[in-house]
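A.B. asks: My file is upload.txt. It has compact mmCIF, C-alpha atoms:
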```txt
# COMPACT_ATOMS: atom_id res chain seq x y z
CA MET A 23 0.00 0.00 0.00
CA LEU A 24 2.92 2.32 0.74
CA LEU A 25 4.35 1.94 -2.75
CA ASN A 26 0.91 2.35 -4.29
CA THR A 27 0.34 5.56 -2.32
CA VAL A 28 3.67 6.93 -3.59
CA VAL A 29 2.70 6.06 -7.19
CA ILE A 30 -0.77 7.62 -6.86
CA SER A 31 0.72 10.73 -5.22
CA LEU A 32 3.23 11.09 -8.04
CA SER A 33 0.62 10.56 -10.77
CA ASN A 34 -1.77 13.12 -9.33
CA ILE A 35 0.37 15.73 -7.57
CA LEU A 36 3.12 15.98 -10.21
CA PRO A 37 0.81 17.47 -12.91
CA ILE A 38 -0.40 20.10 -10.39
CA CYS A 39 3.23 20.92 -9.49
CA ILE A 40 4.21 21.22 -13.16
CA PHE A 41 1.27 23.51 -13.81
CA LEU A 42 2.12 25.59 -10.73
CA VAL A 43 5.72 26.02 -11.88
CA LEU A 44 4.57 27.21 -15.30
CA ILE A 45 1.89 29.52 -13.97
CA ILE A 46 4.25 31.00 -11.34
CA LEU A 47 6.76 31.70 -14.11
CA LEU A 48 3.97 33.34 -16.12
CA CYS A 49 3.12 35.53 -13.12
CA ASN A 50 6.78 36.41 -12.59
CA ASN A 51 7.11 37.47 -16.21
CA ALA A 52 3.88 39.41 -16.01
CA LYS A 53 5.04 41.03 -12.74
CA VAL A 54 1.87 39.89 -11.02
CA ALA A 55 1.86 38.59 -7.45
CA ALA A 56 1.53 34.81 -7.35
CA ASN A 57 -0.81 35.01 -4.32
CA TRP A 58 -3.77 34.74 -6.67
CA ILE A 59 -2.68 31.21 -7.53
CA CYS A 60 -3.02 30.22 -3.84
CA LEU A 61 -6.60 31.45 -3.93
CA GLY A 62 -7.23 29.23 -6.97
CA LEU A 63 -5.63 26.25 -5.22
CA LEU A 64 -7.72 26.73 -2.08
CA LEU A 65 -10.87 27.11 -4.17
CA GLY A 66 -9.90 23.94 -6.06
CA ILE A 67 -9.42 21.96 -2.83
CA PHE A 68 -12.77 23.18 -1.47
CA LEU A 69 -14.60 22.33 -4.71
CA ASN A 70 -12.86 18.95 -4.73
CA LEU A 71 -14.32 18.15 -1.32
CA VAL A 72 -17.76 19.22 -2.58
CA LEU A 73 -17.29 17.11 -5.71
CA ILE A 74 -16.22 14.02 -3.76
CA ASN A 75 -19.35 14.25 -1.63
CA THR A 76 -21.59 14.61 -4.67
CA ALA A 77 -19.68 12.49 -7.21
CA SER A 78 -21.48 9.21 -6.51
CA TYR A 79 -24.81 11.01 -7.08
CA LEU A 80 -23.52 12.98 -10.08
CA GLY A 81 -22.14 9.77 -11.57
CA THR A 82 -25.60 8.24 -11.88
CA TRP A 83 -26.89 11.08 -14.06
CA PHE A 84 -27.42 10.49 -17.81
CA GLU A 85 -27.30 6.68 -17.44
CA TYR A 86 -24.11 6.70 -15.34
CA LYS A 87 -22.36 9.15 -17.68
CA GLY A 88 -22.75 12.26 -15.51
CA MET A 89 -19.23 12.29 -14.10
CA GLU A 90 -17.67 11.91 -17.53
CA TYR A 91 -19.71 14.81 -18.92
CA PHE A 92 -18.63 16.94 -15.98
CA LEU A 93 -14.96 16.00 -16.42
CA ILE A 94 -15.08 16.67 -20.17
CA MET A 95 -16.33 20.19 -19.40
CA LEU A 96 -13.67 20.60 -16.72
CA HIS A 97 -10.77 19.52 -18.98
CA SER A 98 -12.02 21.73 -21.82
CA SER A 99 -12.48 24.68 -19.45
CA PHE A 100 -8.91 24.23 -18.23
CA TYR A 101 -7.59 24.39 -21.79
CA LEU A 102 -9.69 27.45 -22.60
CA SER A 103 -8.65 29.24 -19.42
CA ILE A 104 -4.98 28.80 -20.37
CA ILE A 105 -5.60 30.01 -23.93
CA PHE A 106 -7.39 33.15 -22.72
CA LEU A 107 -4.76 33.66 -20.04
CA LEU A 108 -2.05 33.70 -22.71
CA LEU A 109 -4.13 35.80 -25.10
CA ARG A 110 -4.54 38.47 -22.43
CA PHE A 111 -0.95 38.26 -21.25
CA ASN A 112 -0.35 41.94 -21.89
CA HIS A 113 -3.62 43.09 -20.36
CA GLN A 114 -3.40 42.09 -16.71
CA ASP A 115 -6.72 43.28 -15.44
CA ASP A 116 -9.39 41.73 -13.27
CA ILE A 117 -10.33 39.28 -16.03
CA TRP A 118 -6.72 38.07 -16.23
CA LEU A 119 -6.64 37.52 -12.46
CA ILE A 120 -9.95 35.63 -12.61
CA LEU A 121 -8.52 33.44 -15.38
CA LEU A 122 -5.43 32.86 -13.25
CA ILE A 123 -7.57 31.76 -10.30
CA LEU A 124 -9.83 29.62 -12.49
CA SER A 125 -6.98 27.80 -14.24
CA SER A 126 -5.34 27.00 -10.86
CA CYS A 127 -8.70 25.85 -9.53
CA PHE A 128 -9.38 23.63 -12.59
CA SER A 129 -5.92 22.05 -12.36
CA THR A 130 -6.46 21.19 -8.68
CA LEU A 131 -9.93 19.84 -9.45
CA ILE A 132 -8.75 17.65 -12.34
CA TYR A 133 -5.74 16.07 -10.64
CA GLY A 134 -6.49 16.44 -6.97
CA ASN A 135 -9.79 14.65 -7.29
CA HIS A 136 -8.47 11.11 -7.71
CA PHE A 137 -5.83 11.61 -5.04
CA LEU A 138 -8.31 12.92 -2.48
CA ILE A 139 -10.80 10.12 -3.24
CA TYR A 140 -8.02 7.60 -2.61
CA ILE A 141 -6.79 9.23 0.62
CA LEU A 142 -10.25 9.86 2.07
CA GLY A 143 -11.53 6.46 0.91
CA TYR A 144 -8.83 4.50 2.71
CA TRP A 145 -8.29 6.85 5.65
CA GLN A 146 -10.92 5.11 7.78
CA GLN A 147 -9.07 1.82 7.52
CA SER A 148 -6.75 1.79 10.51
CA PHE A 149 -4.03 -0.32 8.83
CA ALA A 150 -3.75 2.18 5.98
CA VAL A 151 -3.15 5.46 7.83
CA ASN A 152 0.63 5.15 8.24
CA ALA A 153 1.11 4.04 4.64
CA LEU A 154 -1.05 6.92 3.41
CA ILE A 155 0.86 9.54 5.40
CA ILE A 156 4.35 8.22 4.59
CA GLY A 157 3.51 7.47 0.97
CA SER A 158 1.95 10.89 0.37
CA THR A 159 4.88 12.65 2.05
CA LEU A 160 7.39 10.74 -0.08
CA GLY A 161 5.40 11.42 -3.24
CA LEU A 162 5.06 15.10 -2.38
CA GLY A 163 8.80 15.30 -1.67
CA VAL A 164 9.66 13.88 -5.08
CA CYS A 165 7.18 16.26 -6.75
CA ILE A 166 8.63 19.30 -4.96
CA SER A 167 12.20 18.28 -5.84
CA PHE A 168 11.28 17.86 -9.49
CA SER A 169 9.35 21.16 -9.47
CA ILE A 170 12.39 23.10 -8.23
CA LEU A 171 14.54 21.57 -10.96
CA PHE A 172 11.84 22.21 -13.57
CA TYR A 173 11.36 25.82 -12.41
CA PHE A 174 15.02 26.72 -12.77
CA SER A 175 15.35 24.87 -16.09
CA VAL A 176 12.38 26.64 -17.71
CA ASN A 177 13.38 29.97 -16.15
CA TYR A 178 16.88 29.56 -17.61
CA LEU A 179 15.42 28.79 -21.05
CA ILE A 180 13.14 31.83 -20.89
CA LYS A 181 16.01 34.13 -19.97
CA LYS A 182 18.40 32.56 -22.49
CA PHE A 183 15.94 32.53 -25.39
CA THR A 184 12.40 33.88 -25.29
CA ILE A 185 9.21 33.85 -23.23
CA THR A 186 7.56 31.95 -26.10
CA ILE A 187 9.16 28.84 -24.54
CA LEU A 188 6.95 29.32 -21.48
CA PHE A 189 3.93 29.75 -23.73
CA PHE A 190 4.92 26.54 -25.53
CA PHE A 191 5.20 24.57 -22.27
CA LEU A 192 1.86 25.91 -21.05
CA LEU A 193 0.18 25.09 -24.36
CA LEU A 194 1.67 21.59 -24.33
CA HIS A 195 0.38 21.04 -20.79
CA ALA A 196 -3.06 22.46 -21.58
CA SER A 197 -3.41 20.50 -24.83
CA GLY A 198 -2.50 17.37 -22.90
CA GLN A 199 -5.73 17.99 -20.97
CA LEU A 200 -7.82 17.70 -24.10
CA LEU A 201 -6.74 14.10 -24.64
CA PRO A 202 -8.34 12.77 -21.42
CA ALA A 203 -11.49 14.71 -22.40
CA LEU A 204 -11.45 12.92 -25.74
CA ASN A 205 -10.96 9.55 -24.03
CA LEU A 206 -13.82 10.30 -21.65
CA ALA A 207 -16.07 11.10 -24.63
CA VAL A 208 -15.17 7.69 -26.13
CA GLN A 209 -15.64 6.05 -22.72
CA VAL A 210 -19.29 7.15 -22.58
CA ASP A 211 -19.89 6.43 -26.27
CA LEU A 212 -20.22 10.09 -27.18
CA ILE A 213 -17.77 9.65 -30.04
CA THR A 214 -16.55 6.52 -31.81
CA GLN A 215 -13.29 4.90 -30.84
CA HIS A 216 -10.60 5.34 -33.48
CA ALA A 217 -7.85 2.86 -34.31
CA VAL A 218 -4.48 3.16 -32.59
CA PHE A 219 -2.17 5.19 -34.85
CA TRP A 220 1.09 4.08 -33.24
CA ASP A 221 2.17 2.06 -30.25
CA SER A 222 5.17 3.40 -28.35
CA SER A 223 4.45 1.41 -25.18
CA GLY A 224 7.54 -0.73 -25.92
CA LEU A 225 9.66 2.42 -25.93
CA VAL A 226 8.04 4.40 -23.09
CA SER A 227 5.27 2.65 -21.20
CA GLU A 228 2.59 4.85 -19.65
CA SER A 229 3.03 2.99 -16.37
CA SER A 230 6.79 3.66 -16.24
CA GLU A 231 8.32 6.60 -14.34
CA LEU A 232 9.21 8.38 -17.58
CA GLY A 233 5.75 7.67 -18.98
CA ARG A 234 4.10 9.22 -15.92
CA LEU A 235 6.38 12.25 -16.12
CA LEU A 236 5.59 12.76 -19.80
CA LYS A 237 1.89 12.31 -19.08
CA ALA A 238 2.10 14.99 -16.40
CA LEU A 239 4.00 17.31 -18.75
CA PHE A 240 1.90 17.00 -21.90
CA GLY A 241 -0.58 14.13 -21.51
CA TYR A 242 1.62 11.48 -23.14
CA GLU A 243 -0.24 8.46 -24.48
CA ALA A 244 1.55 5.37 -25.72
CA LYS A 245 -1.25 4.35 -28.06
CA PRO A 246 -2.84 7.47 -29.47
CA SER A 247 -5.40 7.53 -32.24
CA LEU A 248 -5.10 9.78 -35.29
CA LEU A 249 -7.87 11.99 -33.89
CA GLU A 250 -5.96 12.47 -30.63
CA ILE A 251 -2.76 13.39 -32.49
CA PHE A 252 -4.70 15.80 -34.71
CA ILE A 253 -6.38 17.53 -31.77
CA PHE A 254 -3.14 17.70 -29.78
CA VAL A 255 -1.16 19.21 -32.68
CA ILE A 256 -3.88 21.70 -33.62
CA SER A 257 -4.58 22.79 -30.03
CA THR A 258 -0.86 23.29 -29.33
CA PHE A 259 0.59 24.68 -32.51
CA LEU A 260 -2.26 26.80 -33.82
CA PRO A 261 -2.30 29.10 -30.76
CA LEU A 262 1.52 28.98 -30.64
CA ALA A 263 1.74 30.08 -34.26
CA TYR A 264 -0.65 32.92 -33.47
CA PHE A 265 1.48 34.02 -30.49
CA ILE A 266 4.67 33.85 -32.54
CA PHE A 267 3.21 35.84 -35.43
CA THR A 268 1.92 38.45 -33.02
CA LYS A 269 5.14 38.33 -31.04
CA GLY A 270 4.99 42.02 -30.18
CA ASN A 271 2.03 41.23 -27.97
CA ILE A 272 3.81 38.67 -25.80
CA THR A 273 7.04 40.45 -24.99
CA HIS A 274 7.66 41.32 -21.37
CA ASN A 275 5.20 44.05 -20.64
CA SER A 276 6.52 44.99 -17.26
CA SER A 277 5.71 48.70 -17.36
CA ASN A 278 2.00 48.07 -17.68
CA LEU A 279 2.04 45.25 -15.15
CA THR A 280 4.01 46.87 -12.42
CA LYS A 281 1.27 49.46 -12.10
CA ASP A 282 -1.32 46.72 -11.62
CA SER A 283 0.66 44.81 -9.04
CA LYS A 284 1.18 47.98 -7.09
CA MET B 26 -41.30 14.37 -43.21
CA SER B 27 -43.82 11.53 -43.08
CA SER B 28 -44.79 9.92 -39.79
CA GLN B 29 -43.26 6.61 -40.97
CA SER B 30 -39.83 8.12 -41.57
CA LEU B 31 -40.02 9.88 -38.24
CA LEU B 32 -40.78 6.55 -36.58
CA VAL B 33 -37.79 4.94 -38.35
CA LEU B 34 -35.52 7.77 -37.16
CA LEU B 35 -36.72 7.25 -33.62
CA ILE B 36 -36.35 3.49 -33.69
CA ILE B 37 -32.92 3.19 -35.39
CA PRO B 38 -30.88 4.67 -32.52
CA PHE B 39 -32.53 2.29 -30.07
CA GLN B 40 -31.82 -0.68 -32.34
CA VAL B 41 -28.19 0.33 -32.69
CA PHE B 42 -27.97 0.84 -28.95
CA SER B 43 -29.47 -2.56 -28.21
CA ASP B 44 -26.75 -4.24 -30.31
CA ILE B 45 -24.16 -3.33 -27.69
CA LYS B 46 -23.31 -6.35 -25.58
CA GLU B 47 -23.33 -5.83 -21.82
CA ILE B 48 -20.68 -7.36 -19.58
CA HIS B 49 -21.07 -7.27 -15.82
CA LEU B 50 -18.05 -7.03 -13.53
CA THR B 51 -18.06 -6.98 -9.75
CA ILE B 52 -15.44 -5.63 -7.39
CA LYS B 53 -15.44 -7.43 -4.06
CA ASP B 54 -12.63 -7.62 -1.50
CA HIS B 55 -10.43 -5.70 -3.98
CA LEU B 56 -10.84 -8.40 -6.63
CA PHE B 57 -12.59 -8.37 -10.00
CA PHE B 58 -15.25 -11.01 -10.64
CA PRO B 59 -14.96 -12.45 -13.23
CA ALA B 60 -11.28 -11.66 -13.60
CA THR B 61 -11.25 -12.77 -17.22
CA VAL B 62 -13.91 -11.91 -19.76
CA SER B 63 -14.13 -12.95 -23.39
CA VAL B 64 -15.73 -10.54 -25.83
CA PRO B 65 -16.18 -10.59 -29.62
CA ALA B 66 -13.80 -8.64 -31.84
CA ASN B 67 -14.91 -5.45 -33.61
CA LYS B 68 -17.93 -4.97 -31.38
CA LYS B 69 -18.72 -2.25 -28.93
CA ILE B 70 -19.09 -3.51 -25.35
CA LYS B 71 -20.80 -1.93 -22.37
CA LEU B 72 -18.98 -2.77 -19.13
CA ILE B 73 -21.15 -2.45 -16.06
CA ILE B 74 -19.01 -2.50 -12.93
CA ASP B 75 -20.46 -2.89 -9.46
CA ASN B 76 -18.21 -1.98 -6.55
CA GLN B 77 -19.41 -4.02 -3.57
CA ASP B 78 -16.55 -2.85 -1.38
CA LYS B 79 -16.84 -0.01 1.10
CA THR B 80 -13.73 1.66 -0.33
CA PRO B 81 -13.57 3.36 -3.74
CA GLU B 82 -11.73 1.77 -6.64
CA GLU B 83 -10.45 3.12 -9.91
CA PHE B 84 -10.93 0.95 -12.97
CA ASP B 85 -7.79 1.56 -14.99
CA SER B 86 -6.45 0.14 -18.21
CA PHE B 87 -3.51 1.34 -20.26
CA ASP B 88 -4.42 -1.16 -22.98
CA LEU B 89 -8.02 0.03 -23.26
CA ASN B 90 -7.22 3.66 -22.46
CA ARG B 91 -9.91 3.78 -19.78
CA GLU B 92 -9.97 5.33 -16.31
CA LYS B 93 -12.98 5.56 -14.04
CA VAL B 94 -13.41 6.00 -10.29
CA ILE B 95 -16.11 3.80 -8.79
CA PHE B 96 -17.17 4.80 -5.29
CA GLY B 97 -17.92 2.26 -2.57
CA TYR B 98 -21.25 0.45 -3.02
CA SER B 99 -21.68 2.15 -6.41
CA ARG B 100 -22.01 1.26 -10.06
CA ALA B 101 -20.21 2.58 -13.13
CA VAL B 102 -20.64 2.13 -16.86
CA ILE B 103 -17.80 2.17 -19.38
CA TYR B 104 -17.94 1.57 -23.12
CA ILE B 105 -15.04 -0.24 -24.76
CA GLY B 106 -14.30 -1.30 -28.31
CA PRO B 107 -14.56 -2.05 -31.14
CA LEU B 108 -11.39 -3.98 -30.34
CA LYS B 109 -9.04 -6.13 -32.39
CA GLN B 110 -8.30 -9.69 -31.28
CA GLY B 111 -5.93 -9.84 -28.33
CA ILE B 112 -5.64 -9.62 -24.58
CA TYR B 113 -6.34 -6.32 -22.85
CA SER B 114 -5.50 -6.10 -19.17
CA PHE B 115 -7.15 -3.86 -16.61
CA PHE B 116 -6.60 -3.25 -12.90
CA GLY B 117 -7.86 -1.35 -9.90
CA GLU B 118 -5.49 1.56 -9.39
CA TYR B 119 -6.18 1.72 -5.65
CA ALA B 120 -5.45 -2.00 -5.16
CA PRO B 121 -3.28 -3.00 -8.13
CA GLN B 122 -1.76 -6.01 -6.36
CA THR B 123 -5.10 -7.83 -6.14
CA ALA B 124 -7.61 -6.14 -8.42
CA GLN B 125 -6.47 -7.37 -11.81
CA GLY B 126 -8.31 -8.69 -14.82
CA LYS B 127 -8.17 -9.34 -18.54
CA ILE B 128 -10.46 -8.90 -21.46
CA ILE B 129 -9.82 -11.51 -24.10
CA VAL B 130 -11.05 -10.41 -27.49
CA THR B 131 -11.72 -13.32 -29.81
CA GLN B 132 -13.43 -13.61 -33.16
CA LYS B 133 -16.52 -15.19 -31.67
CA GLY B 134 -16.41 -13.90 -28.12
CA LEU B 135 -16.58 -17.06 -26.05
CA SER B 136 -18.45 -17.28 -22.81
CA ASP B 137 -17.04 -15.61 -19.71
CA ALA B 138 -14.10 -17.47 -18.31
CA PRO B 139 -14.20 -18.29 -14.60
```
I'd like the structure from this file rewritten - as structure tokens, please.
C.D. replies:
Amino acid sequence: MLLNTVVISLSNILPICIFLVLIILLCNNAKVAANWICLGLLLGIFLNLVLINTASYLGTWFEYKGMEYFLIMLHSSFYLSIIFLLLRFNHQDDIWLILLILSSCFSTLIYGNHFLIYILGYWQQSFAVNALIIGSTLGLGVCISFSILFYFSVNYLIKKFTITILFFFLLLHASGQLLPALNLAVQVDLITQHAVFWDSSGLVSESSELGRLLKALFGYEAKPSLLEIFIFVISTFLPLAYFIFTKGNITHNSSNLTKDSK
Amino acid sequence: MSSQSLLVLLIIPFQVFSDIKEIHLTIKDHLFFPATVSVPANKKIKLIIDNQDKTPEEFDSFDLNREKVIFGYSRAVIYIGPLKQGIYSFFGEYAPQTAQGKIIVTQKGLSDAP
């Protein structure tokens, strides 16, 4: 159980940590206080607790498809919040701060949900408490260590090259959230399952450490369909191309932002 | 549109829906029952999973690309397929040591294995 708790912690907390690193870097470059992210995280944890208490009821809606419909909306909302956050990068106003809070909240809701269900579900079993505490602490420790390394690596790349790198990482991460939404739509028979386009599970298995890291970074799937690849490429590179072609709009706009943060 | 064609439009989706084979799985004591299921190739399957444990479980499969949390004493429905012939494994993410199973896809879809 200890090992399983570590694995579940890593799978669910690592994507939140990666998102937090990217969004903190975005705030730093926008000269906006990162406190707003904490508000989003707290809101996400609160809504997670509400969701856990209503999920078994919600799950029975629409012939047991209710939870999937909700998650599809959540994943899509997360992607859209990131897109609008990047689009309004040079206009840090109240809307930008709301988007910042919402994206942090959505990220916590998406990934924290499974972790909290696991912890709360097994907490009442006396034999499990120690394993849950130690396993979660170990998992969290690994996630924090990786986050620090990831933060300084991306920050170095931004300073060495361009802020577009941060946009690229954020778009990769957000587009990776559209793939689970697509799988959920197939899972409830909303869209037809497409044939596997390639199988890289022999190279990098989704259950391996590297596979989990890549999944947390950009939603890696070892056996994607052509539709998944198409959606991932379009949702990543179309906005990126737009940001690159309108590069003047995404340069460091500190003068405008400093006023806001003050 | 005539009333007959309207009737046909209403009936067809139900007929298509009724073609989907249902497979029942039960989770009890962190085990899947039956642990091995045979299904026909190139057919859509409706998996109905009953969790009879007090604790939640997550039906997870890298092969099938499916992930679904099933709360204690709850039911979940997952659609899989159409699948090619082969063996597709699944497991309970919260108890992966015990909750394991396989879906064997064959041309004819033999009866459920014990």
A.B. asks: For Thr123 in chain B, please output as a VMD selection string all residues within 9 Å (counting all atoms listed in the file; exclusion window: fewer than 2 positions along the same chain).
C.D. replies: chain B and resid 54 to 57 116 to 117 120 to 121 125
A.B. asks: Distance cut-off 12 Å, centre (4.2, 18.9, -9.0) in file coordinates, counting all atoms listed in the file: which residues qualify? Return them as a PyMOL selection string.
C.D. replies: chain A and resi 31-45+129-130+133-134+161-173+234-235+238-239
A.B. asks: Calculated over only C-alpha atoms, which of the candidates B:Ala101, B:Ile70, B:Thr51, B:Ser63 has the smallest distance to chain A?
C.D. replies: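 Looking at the shortest contact to chain A, the residue is B:Ala101.
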A.B. asks: Could you check the closest approach to Asn90 in chain B for each of B:Ala60, B:Ile73, B:Ala66, B:Leu108 and tell me which residue wins, using only C-alpha atoms?
C.D. replies: B:Leu108
A.B. asks: Hey, which bits of chain A sit within 8 Å of chain B, and for each residue what's the closest pair of atoms and how far apart in Å (one decimal), counting all atoms listed in the file, rows by chain and increasing number, as CSV?
C.D. replies:
```
residue,atom,partner,partner_atom,distance
A:Met23,CA,B:Ala120,CA,7.8
A:Asn26,CA,B:Tyr119,CA,7.2
A:Ser78,CA,B:Phe96,CA,6.3
A:Gly81,CA,B:Ala101,CA,7.6
A:Thr82,CA,B:Ala101,CA,7.9
A:Tyr86,CA,B:Val102,CA,5.9
A:Lys87,CA,B:Val102,CA,7.3
A:His136,CA,B:Val94,CA,7.6
A:Ile139,CA,B:Pro81,CA,7.3
A:Tyr140,CA,B:Tyr119,CA,6.9
A:Gly143,CA,B:Thr80,CA,5.4
A:Tyr144,CA,B:Thr80,CA,6.4
A:Asn205,CA,B:Asn90,CA,7.2
A:Leu206,CA,B:Arg91,CA,7.8
A:Val208,CA,B:Tyr104,CA,7.4
A:Gln209,CA,B:Tyr104,CA,5.1
A:Val210,CA,B:Tyr104,CA,5.8
A:Asp211,CA,B:Tyr104,CA,6.1
A:Gln215,CA,B:Gly106,CA,6.8
A:Glu228,CA,B:Phe87,CA,7.1
A:Ser229,CA,B:Phe87,CA,7.8
```
A.B. asks: How many Å separate CA of Ile251 in chain A from CA of Leu192 in chain A?
C.D. replies: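 It comes out at 17.6 Å.
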A.B. asks: Given the point (-8.2, 34.5, -14.4) in the file's coordinates, find the residues that have an atom at most 10 Å from it, counting only C-alpha atoms, and give them as a list of chain:residue names.
C.D. replies: A:Trp58, A:Ile59, A:Gly62, A:Ser103, A:Ile104, A:Phe106, A:Leu107, A:Arg110, A:Gln114, A:Asp115, A:Asp116, A:Ile117, A:Trp118, A:Leu119, A:Ile120, A:Leu121, A:Leu122, A:Ile123, A:Leu124, A:Ser125, A:Ser126, A:Cys127
A.B. asks: Which residue out of B:Lys68, B:Lys53, B:Ile48, B:Asn76 has the minimum interatomic distance to Thr131 in chain B when only C-alpha atoms are used?
C.D. replies: B:Lys68
A.B. asks: Work out how far CA of Leu188 in chain A is from CA of Val176 in chain A, in Å to one decimal.
C.D. replies: 7.1 Å
A.B. asks: What's the 12 Å shell around Leu71 in chain A, counting only C-alpha atoms, without same-chain residues fewer than 5 positions away, as a list of chain:residue names?
C.D. replies: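 Contacts, in chain order: A:Leu64, A:Leu65, A:Gly66, A:Thr76, A:Ala77, A:Thr130, A:Leu131, A:Gly134, A:Asn135, A:His136, A:Phe137, A:Leu138, A:Ile139, A:Ile141, A:Leu142.
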A.B. asks: Name the closest residue to Glu250 in chain A among the candidates A:Val28, A:Leu236, A:Ala153, A:Leu201; distances are taken between atoms, counting all atoms listed in the file.
C.D. replies: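 Smallest distance to Glu250 in chain A is found for A:Leu201.
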A.B. asks: I'd like the neighbourhood of Lys181 in chain A as a ChimeraX atom specification, where a residue qualifies if any of its atoms comes within 12 Å (using all atoms listed in the file), though same-chain residues fewer than 5 positions away should be ignored.
C.D. replies: /A:47,51,174-176,186-188,274
A.B. asks: Quick one: pull the distance between CA of Tyr113 in chain B and CA of Ser227 in chain A, Å, one decimal.
C.D. replies: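 We find that CA of Tyr113 in chain B and CA of Ser227 in chain A lie 14.8 Å from each other.
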A.B. asks: Measuring atom to atom with all atoms listed in the file, identify which of A:Ile156, A:Ala150, A:Leu69, A:Ala203 is nearest to Phe92 in chain A.
C.D. replies: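 Of all the options, A:Ala203 lies closest to Phe92 in chain A.
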A.B. asks: Show which residues sit within 12 Å of Leu109 in chain A, as a PyMOL selection string. Count only C-alpha atoms, and ignore same-chain residues fewer than 6 positions away.
C.D. replies: chain A and resi 102-103+117-118+121+189+193+261-262+264-266+268-269+271-272
A.B. asks: Which residues are close to Leu50 in chain B, i.e. within 8 Å by only C-alpha atoms, leaving aside same-chain residues fewer than 5 positions away? Reply as a list in words.
C.D. replies: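 With the cut-off at 8 Å, the set is Phe57, Phe58, Pro59, Leu72, Ile73, Ile74 and Asp75 of chain B.
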